[in-house]
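**Student:** Structure provided below as structure tokens; questions to follow.
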Amino acid sequence: MSKDTNVNRIGLYMESQLHAALQKDADAHGRDLTDHVLRILGDYAVEKGLLSDEDAAEHVLKSSLVDRAAEEARRLCREGQFSEDITLNAIDACMQDLGFVTDYEAYIEGNAYAHGNPRKSINMDIGHAIKAAIGGEVKRNADGKPVKVPVQGKVIQSYTRMESYDPARIG
């Protein structure tokens, strides 16, 4: 059964002390604030039984995939393997792990290399998490636009190049 891939947007106003505390915690987890708050809310919904068993399992699986890809990017950086193509390299490394591939295909409900699957929007989440996890700075062209690279024969169809990373973020 294909899952609903629509998202809903909300706005939050919070006291500056709460914002600062959540930002500090997000930094400690290598996430941007929005992704961190979404993770906290999703984990809370799972813990309190607010989601169906299926939706709870999906949240846990998606979180695991995103976290593993982000950690792979940090590992590559720690080992001196940072390059502009860190996003692609981290995802390629993940795809060498049969457990990751199995989980990824279970999450997207299809073949990892097939295109046109709306559940592969997780790839954007993974790319975003990789950038946040390493404190990546996006490489920009002469017009100031991010440098995006099309890819063929891979799990992803494109990625944004990184110019640098923050060594303090990689652990």
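We name chains A, B, ... following the order of the structure tokens; residues begin at 1 in each chain, and ligands are numbered from 1 as shown.
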Within 9 Å of range 57-59 of chain A, counting only C-alpha atoms, which residues show up once you throw out same-chain ones fewer than 5 positions away? Write them as a short mmCIF file (atom, residue, chain, number, x, y, z; two decimals) with all heavy atoms, in the first residue's frame, please.
**Tutor:**
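Once written, part_34.cif looks like this:
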```
data_model
loop_
_atom_site.label_atom_id
_atom_site.label_comp_id
_atom_site.auth_asym_id
_atom_site.auth_seq_id
_atom_site.Cartn_x
_atom_site.Cartn_y
_atom_site.Cartn_z
N ARG A 39 11.90 15.70 14.41
CA ARG A 39 12.30 14.40 14.97
C ARG A 39 11.75 14.24 16.38
O ARG A 39 11.22 13.19 16.74
CB ARG A 39 13.82 14.28 14.97
CG ARG A 39 14.35 12.99 15.60
CD ARG A 39 14.03 11.74 14.78
NE ARG A 39 14.67 11.78 13.49
CZ ARG A 39 15.90 11.34 13.26
NH1 ARG A 39 16.61 10.80 14.22
NH2 ARG A 39 16.40 11.44 12.05
N GLY A 42 8.04 13.59 16.12
CA GLY A 42 7.79 12.24 15.62
C GLY A 42 8.09 11.18 16.66
O GLY A 42 7.31 10.24 16.85
N ASP A 43 9.21 11.33 17.35
CA ASP A 43 9.57 10.38 18.40
C ASP A 43 8.54 10.39 19.53
O ASP A 43 8.17 9.35 20.07
CB ASP A 43 10.96 10.67 18.96
CG ASP A 43 12.08 10.39 17.96
OD1 ASP A 43 11.82 9.79 16.89
OD2 ASP A 43 13.23 10.78 18.25
N VAL A 46 5.47 8.52 18.44
CA VAL A 46 5.71 7.08 18.50
C VAL A 46 5.63 6.60 19.94
O VAL A 46 4.93 5.64 20.27
CB VAL A 46 7.08 6.71 17.88
CG1 VAL A 46 7.45 5.27 18.18
CG2 VAL A 46 7.07 6.96 16.38
N SER A 52 -0.35 5.03 14.17
CA SER A 52 -0.63 3.61 13.95
C SER A 52 0.71 2.86 14.03
O SER A 52 1.78 3.48 13.89
CB SER A 52 -1.27 3.39 12.58
OG SER A 52 -0.31 3.67 11.55
N SER A 64 16.11 6.26 11.01
CA SER A 64 17.31 5.43 10.97
C SER A 64 18.09 5.63 9.68
O SER A 64 19.32 5.77 9.69
CB SER A 64 16.92 3.96 11.13
OG SER A 64 18.03 3.12 10.90
N TYR A 107 11.50 1.13 2.91
CA TYR A 107 10.90 2.44 3.14
C TYR A 107 10.26 3.00 1.87
O TYR A 107 9.13 3.49 1.90
CB TYR A 107 11.93 3.45 3.69
CG TYR A 107 11.29 4.80 3.89
CD1 TYR A 107 10.54 5.05 5.03
CD2 TYR A 107 11.37 5.79 2.92
CE1 TYR A 107 9.89 6.26 5.21
CE2 TYR A 107 10.73 7.00 3.08
CZ TYR A 107 9.99 7.23 4.23
OH TYR A 107 9.33 8.42 4.38
#
```
**Student:** Please list as a list of chain:residue names every residue within 6 Å of Gly135 in chain A, counting only C-alpha atoms and excluding residues in the same chain fewer than 3 positions away.
**Tutor:**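 Near Gly135 in chain A, the qualifying residues are A:Lys131, A:Ala132, A:Tyr165, A:Asp166, A:Arg169.
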**Student:** Would you write out those residues with all heavy atoms, as a PDB file, in the first residue's frame?
**Tutor:**
```
ATOM      1  N   LYS A 131      24.208  17.577   4.917  1.00  0.00           N
ATOM      2  CA  LYS A 131      24.700  18.963   4.985  1.00  0.00           C
ATOM      3  C   LYS A 131      24.736  19.448   6.427  1.00  0.00           C
ATOM      4  O   LYS A 131      25.732  20.015   6.887  1.00  0.00           O
ATOM      5  CB  LYS A 131      23.822  19.881   4.140  1.00  0.00           C
ATOM      6  CG  LYS A 131      24.211  21.341   4.190  1.00  0.00           C
ATOM      7  CD  LYS A 131      23.251  22.174   3.339  1.00  0.00           C
ATOM      8  CE  LYS A 131      23.546  23.637   3.432  1.00  0.00           C
ATOM      9  NZ  LYS A 131      23.094  24.238   4.680  1.00  0.00           N
ATOM     10  N   ALA A 132      23.655  19.222   7.166  1.00  0.00           N
ATOM     11  CA  ALA A 132      23.590  19.678   8.555  1.00  0.00           C
ATOM     12  C   ALA A 132      24.592  18.927   9.428  1.00  0.00           C
ATOM     13  O   ALA A 132      25.240  19.526  10.292  1.00  0.00           O
ATOM     14  CB  ALA A 132      22.176  19.498   9.095  1.00  0.00           C
ATOM     15  N   TYR A 165      33.253  21.977   5.090  1.00  0.00           N
ATOM     16  CA  TYR A 165      32.521  21.447   6.224  1.00  0.00           C
ATOM     17  C   TYR A 165      33.135  22.034   7.489  1.00  0.00           C
ATOM     18  O   TYR A 165      34.228  22.589   7.466  1.00  0.00           O
ATOM     19  CB  TYR A 165      32.517  19.921   6.239  1.00  0.00           C
ATOM     20  CG  TYR A 165      33.858  19.311   6.607  1.00  0.00           C
ATOM     21  CD1 TYR A 165      34.115  18.915   7.925  1.00  0.00           C
ATOM     22  CD2 TYR A 165      34.855  19.124   5.656  1.00  0.00           C
ATOM     23  CE1 TYR A 165      35.339  18.355   8.276  1.00  0.00           C
ATOM     24  CE2 TYR A 165      36.068  18.573   6.003  1.00  0.00           C
ATOM     25  CZ  TYR A 165      36.302  18.194   7.309  1.00  0.00           C
ATOM     26  OH  TYR A 165      37.515  17.643   7.654  1.00  0.00           O
ATOM     27  N   ASP A 166      32.414  21.857   8.588  1.00  0.00           N
ATOM     28  CA  ASP A 166      32.871  22.357   9.877  1.00  0.00           C
ATOM     29  C   ASP A 166      33.454  21.202  10.679  1.00  0.00           C
ATOM     30  O   ASP A 166      32.701  20.334  11.131  1.00  0.00           O
ATOM     31  CB  ASP A 166      31.695  22.996  10.622  1.00  0.00           C
ATOM     32  CG  ASP A 166      32.059  23.539  11.978  1.00  0.00           C
ATOM     33  OD1 ASP A 166      33.237  23.417  12.397  1.00  0.00           O
ATOM     34  OD2 ASP A 166      31.163  24.086  12.639  1.00  0.00           O
ATOM     35  N   ARG A 169      31.756  19.849  13.766  1.00  0.00           N
ATOM     36  CA  ARG A 169      30.466  19.134  13.657  1.00  0.00           C
ATOM     37  C   ARG A 169      30.621  17.634  13.436  1.00  0.00           C
ATOM     38  O   ARG A 169      29.640  16.905  13.545  1.00  0.00           O
ATOM     39  CB  ARG A 169      29.637  19.705  12.489  1.00  0.00           C
ATOM     40  CG  ARG A 169      29.153  21.119  12.635  1.00  0.00           C
ATOM     41  CD  ARG A 169      28.097  21.292  13.705  1.00  0.00           C
ATOM     42  NE  ARG A 169      26.840  20.678  13.424  1.00  0.00           N
ATOM     43  CZ  ARG A 169      25.748  21.321  13.039  1.00  0.00           C
ATOM     44  NH1 ARG A 169      25.772  22.608  12.849  1.00  0.00           N
ATOM     45  NH2 ARG A 169      24.636  20.658  12.840  1.00  0.00           N
TER      46      ARG A 169
END
```
**Student:** Could you give me, as a PyMOL selection string, each residue of chain A that DSSP assigns to alpha helix (DSSP H) when run on this structure's backbone?
**Tutor:** chain A and resi 16-29+33-47+53-78+86-94+98-108+122-134
**Student:** Determine, counting only C-alpha atoms, which protein, DNA and RNA residues have an atom within 12 Å of an atom of His36 in chain A; residues of the same chain fewer than 3 positions away are not included. Present the result as a compact mmCIF listing (two decimals) with all heavy atoms, in the first residue's frame.
**Tutor:**
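Ended up saving to selection_14.txt:
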```
# COMPACT_ATOMS: atom_id res chain seq x y z
N HIS A 19 13.82 28.31 22.22
CA HIS A 19 14.48 28.28 20.91
C HIS A 19 15.97 28.02 21.08
O HIS A 19 16.55 27.17 20.40
CB HIS A 19 14.24 29.60 20.17
CG HIS A 19 14.83 29.64 18.81
ND1 HIS A 19 16.13 30.02 18.57
CD2 HIS A 19 14.29 29.33 17.61
CE1 HIS A 19 16.37 29.95 17.29
NE2 HIS A 19 15.26 29.53 16.67
N ALA A 21 17.54 26.65 23.62
CA ALA A 21 17.77 25.30 24.15
C ALA A 21 17.63 24.25 23.05
O ALA A 21 18.44 23.32 22.95
CB ALA A 21 16.81 25.02 25.30
N LEU A 22 16.59 24.39 22.23
CA LEU A 22 16.39 23.44 21.13
C LEU A 22 17.49 23.56 20.09
O LEU A 22 17.93 22.56 19.52
CB LEU A 22 15.01 23.64 20.50
CG LEU A 22 13.83 23.16 21.34
CD1 LEU A 22 12.51 23.63 20.73
CD2 LEU A 22 13.84 21.64 21.49
N GLN A 23 17.95 24.79 19.83
CA GLN A 23 19.04 24.99 18.86
C GLN A 23 20.31 24.31 19.36
O GLN A 23 21.02 23.65 18.60
CB GLN A 23 19.29 26.48 18.62
CG GLN A 23 20.36 26.75 17.57
CD GLN A 23 19.96 26.24 16.21
OE1 GLN A 23 18.98 26.69 15.64
NE2 GLN A 23 20.71 25.29 15.66
N LYS A 24 20.60 24.47 20.64
CA LYS A 24 21.78 23.83 21.23
C LYS A 24 21.68 22.31 21.11
O LYS A 24 22.66 21.64 20.75
CB LYS A 24 21.91 24.25 22.69
CG LYS A 24 23.15 23.71 23.36
CD LYS A 24 23.25 24.23 24.80
CE LYS A 24 24.48 23.68 25.48
NZ LYS A 24 24.61 24.15 26.86
N ASP A 25 20.51 21.77 21.39
CA ASP A 25 20.31 20.33 21.28
C ASP A 25 20.40 19.87 19.82
O ASP A 25 20.99 18.82 19.53
CB ASP A 25 18.95 19.94 21.88
CG ASP A 25 18.85 18.46 22.16
OD1 ASP A 25 19.80 17.88 22.73
OD2 ASP A 25 17.80 17.88 21.81
N ALA A 26 19.84 20.66 18.91
CA ALA A 26 19.93 20.33 17.48
C ALA A 26 21.39 20.29 17.03
O ALA A 26 21.81 19.37 16.33
CB ALA A 26 19.14 21.34 16.64
N ASP A 27 22.16 21.29 17.46
CA ASP A 27 23.58 21.33 17.11
C ASP A 27 24.30 20.09 17.64
O ASP A 27 25.12 19.50 16.94
CB ASP A 27 24.24 22.59 17.67
CG ASP A 27 23.79 23.86 16.98
OD1 ASP A 27 23.21 23.79 15.86
OD2 ASP A 27 24.01 24.95 17.55
N ALA A 28 23.97 19.70 18.86
CA ALA A 28 24.60 18.52 19.46
C ALA A 28 24.28 17.25 18.69
O ALA A 28 25.07 16.31 18.68
CB ALA A 28 24.17 18.38 20.92
N HIS A 29 23.11 17.23 18.04
CA HIS A 29 22.71 16.05 17.24
C HIS A 29 23.09 16.18 15.76
O HIS A 29 22.77 15.29 14.97
CB HIS A 29 21.19 15.83 17.38
CG HIS A 29 20.79 15.23 18.67
ND1 HIS A 29 20.56 15.96 19.80
CD2 HIS A 29 20.60 13.93 19.00
CE1 HIS A 29 20.23 15.16 20.79
NE2 HIS A 29 20.25 13.91 20.34
N GLY A 30 23.71 17.29 15.39
CA GLY A 30 24.10 17.48 13.99
C GLY A 30 22.91 17.68 13.07
O GLY A 30 22.93 17.26 11.92
N ARG A 31 21.87 18.33 13.58
CA ARG A 31 20.67 18.59 12.77
C ARG A 31 20.39 20.08 12.74
O ARG A 31 20.80 20.80 13.63
CB ARG A 31 19.45 17.90 13.38
CG ARG A 31 19.53 16.40 13.46
CD ARG A 31 18.21 15.82 13.99
NE ARG A 31 18.40 14.44 14.34
CZ ARG A 31 18.12 13.92 15.53
NH1 ARG A 31 17.59 14.65 16.48
NH2 ARG A 31 18.33 12.65 15.77
N ASP A 32 19.66 20.50 11.71
CA ASP A 32 19.19 21.88 11.77
C ASP A 32 17.96 21.90 12.68
O ASP A 32 17.39 20.85 13.01
CB ASP A 32 18.96 22.49 10.39
CG ASP A 32 17.68 22.08 9.70
OD1 ASP A 32 16.83 21.39 10.31
OD2 ASP A 32 17.51 22.45 8.54
N LEU A 33 17.59 23.07 13.13
CA LEU A 33 16.54 23.18 14.14
C LEU A 33 15.21 22.60 13.69
O LEU A 33 14.56 21.86 14.43
CB LEU A 33 16.36 24.64 14.56
CG LEU A 33 15.32 24.91 15.64
CD1 LEU A 33 15.63 24.13 16.91
CD2 LEU A 33 15.22 26.39 15.93
N ARG A 39 11.90 15.70 14.41
CA ARG A 39 12.30 14.40 14.97
C ARG A 39 11.75 14.24 16.38
O ARG A 39 11.22 13.19 16.74
CB ARG A 39 13.82 14.28 14.97
CG ARG A 39 14.35 12.99 15.60
CD ARG A 39 14.03 11.74 14.78
NE ARG A 39 14.67 11.78 13.49
CZ ARG A 39 15.90 11.34 13.26
NH1 ARG A 39 16.61 10.80 14.22
NH2 ARG A 39 16.40 11.44 12.05
N ILE A 40 11.88 15.29 17.19
CA ILE A 40 11.36 15.23 18.56
C ILE A 40 9.86 14.95 18.54
O ILE A 40 9.37 14.10 19.29
CB ILE A 40 11.66 16.55 19.31
CG1 ILE A 40 13.16 16.66 19.60
CG2 ILE A 40 10.86 16.64 20.60
CD1 ILE A 40 13.59 18.04 20.09
N LEU A 41 9.13 15.65 17.69
CA LEU A 41 7.68 15.45 17.63
C LEU A 41 7.33 14.05 17.13
O LEU A 41 6.42 13.41 17.67
CB LEU A 41 7.04 16.52 16.73
CG LEU A 41 7.08 17.95 17.27
CD1 LEU A 41 6.60 18.93 16.21
CD2 LEU A 41 6.26 18.06 18.55
N GLY A 42 8.04 13.59 16.12
CA GLY A 42 7.79 12.24 15.62
C GLY A 42 8.09 11.18 16.66
O GLY A 42 7.31 10.24 16.85
N ASP A 43 9.21 11.33 17.35
CA ASP A 43 9.57 10.38 18.40
C ASP A 43 8.54 10.39 19.53
O ASP A 43 8.17 9.35 20.07
CB ASP A 43 10.96 10.67 18.96
CG ASP A 43 12.08 10.39 17.96
OD1 ASP A 43 11.82 9.79 16.89
OD2 ASP A 43 13.23 10.78 18.25
N SER A 63 13.88 7.69 10.14
CA SER A 63 14.87 8.33 11.02
C SER A 63 16.19 7.58 10.99
O SER A 63 17.26 8.19 10.95
CB SER A 63 14.34 8.39 12.46
OG SER A 63 13.19 9.19 12.53
N VAL A 66 18.05 8.23 7.62
CA VAL A 66 18.61 9.59 7.60
C VAL A 66 19.83 9.67 8.51
O VAL A 66 20.88 10.21 8.13
CB VAL A 66 17.52 10.62 7.99
CG1 VAL A 66 18.13 11.98 8.25
CG2 VAL A 66 16.45 10.70 6.89
N ASP A 67 19.71 9.11 9.71
CA ASP A 67 20.82 9.16 10.67
C ASP A 67 22.04 8.38 10.17
O ASP A 67 23.17 8.83 10.34
CB ASP A 67 20.38 8.59 12.02
CG ASP A 67 19.44 9.52 12.77
OD1 ASP A 67 19.26 10.68 12.37
OD2 ASP A 67 18.86 9.04 13.78
N HIS A 128 19.77 16.82 2.97
CA HIS A 128 19.70 17.91 3.95
C HIS A 128 20.38 17.51 5.25
O HIS A 128 21.11 18.30 5.86
CB HIS A 128 18.23 18.26 4.18
CG HIS A 128 18.02 19.50 4.95
ND1 HIS A 128 17.50 20.64 4.41
CD2 HIS A 128 18.27 19.80 6.25
CE1 HIS A 128 17.43 21.58 5.34
NE2 HIS A 128 17.89 21.09 6.46
N ALA A 129 20.16 16.27 5.69
CA ALA A 129 20.77 15.79 6.93
C ALA A 129 22.28 15.70 6.81
O ALA A 129 23.01 16.00 7.77
CB ALA A 129 20.17 14.44 7.31
N ALA A 132 23.66 19.22 7.17
CA ALA A 132 23.59 19.68 8.55
C ALA A 132 24.59 18.93 9.43
O ALA A 132 25.24 19.53 10.29
CB ALA A 132 22.18 19.50 9.10
N ALA A 133 24.73 17.63 9.21
CA ALA A 133 25.60 16.81 10.05
C ALA A 133 27.06 17.22 9.98
O ALA A 133 27.78 17.11 10.96
CB ALA A 133 25.45 15.34 9.67
```
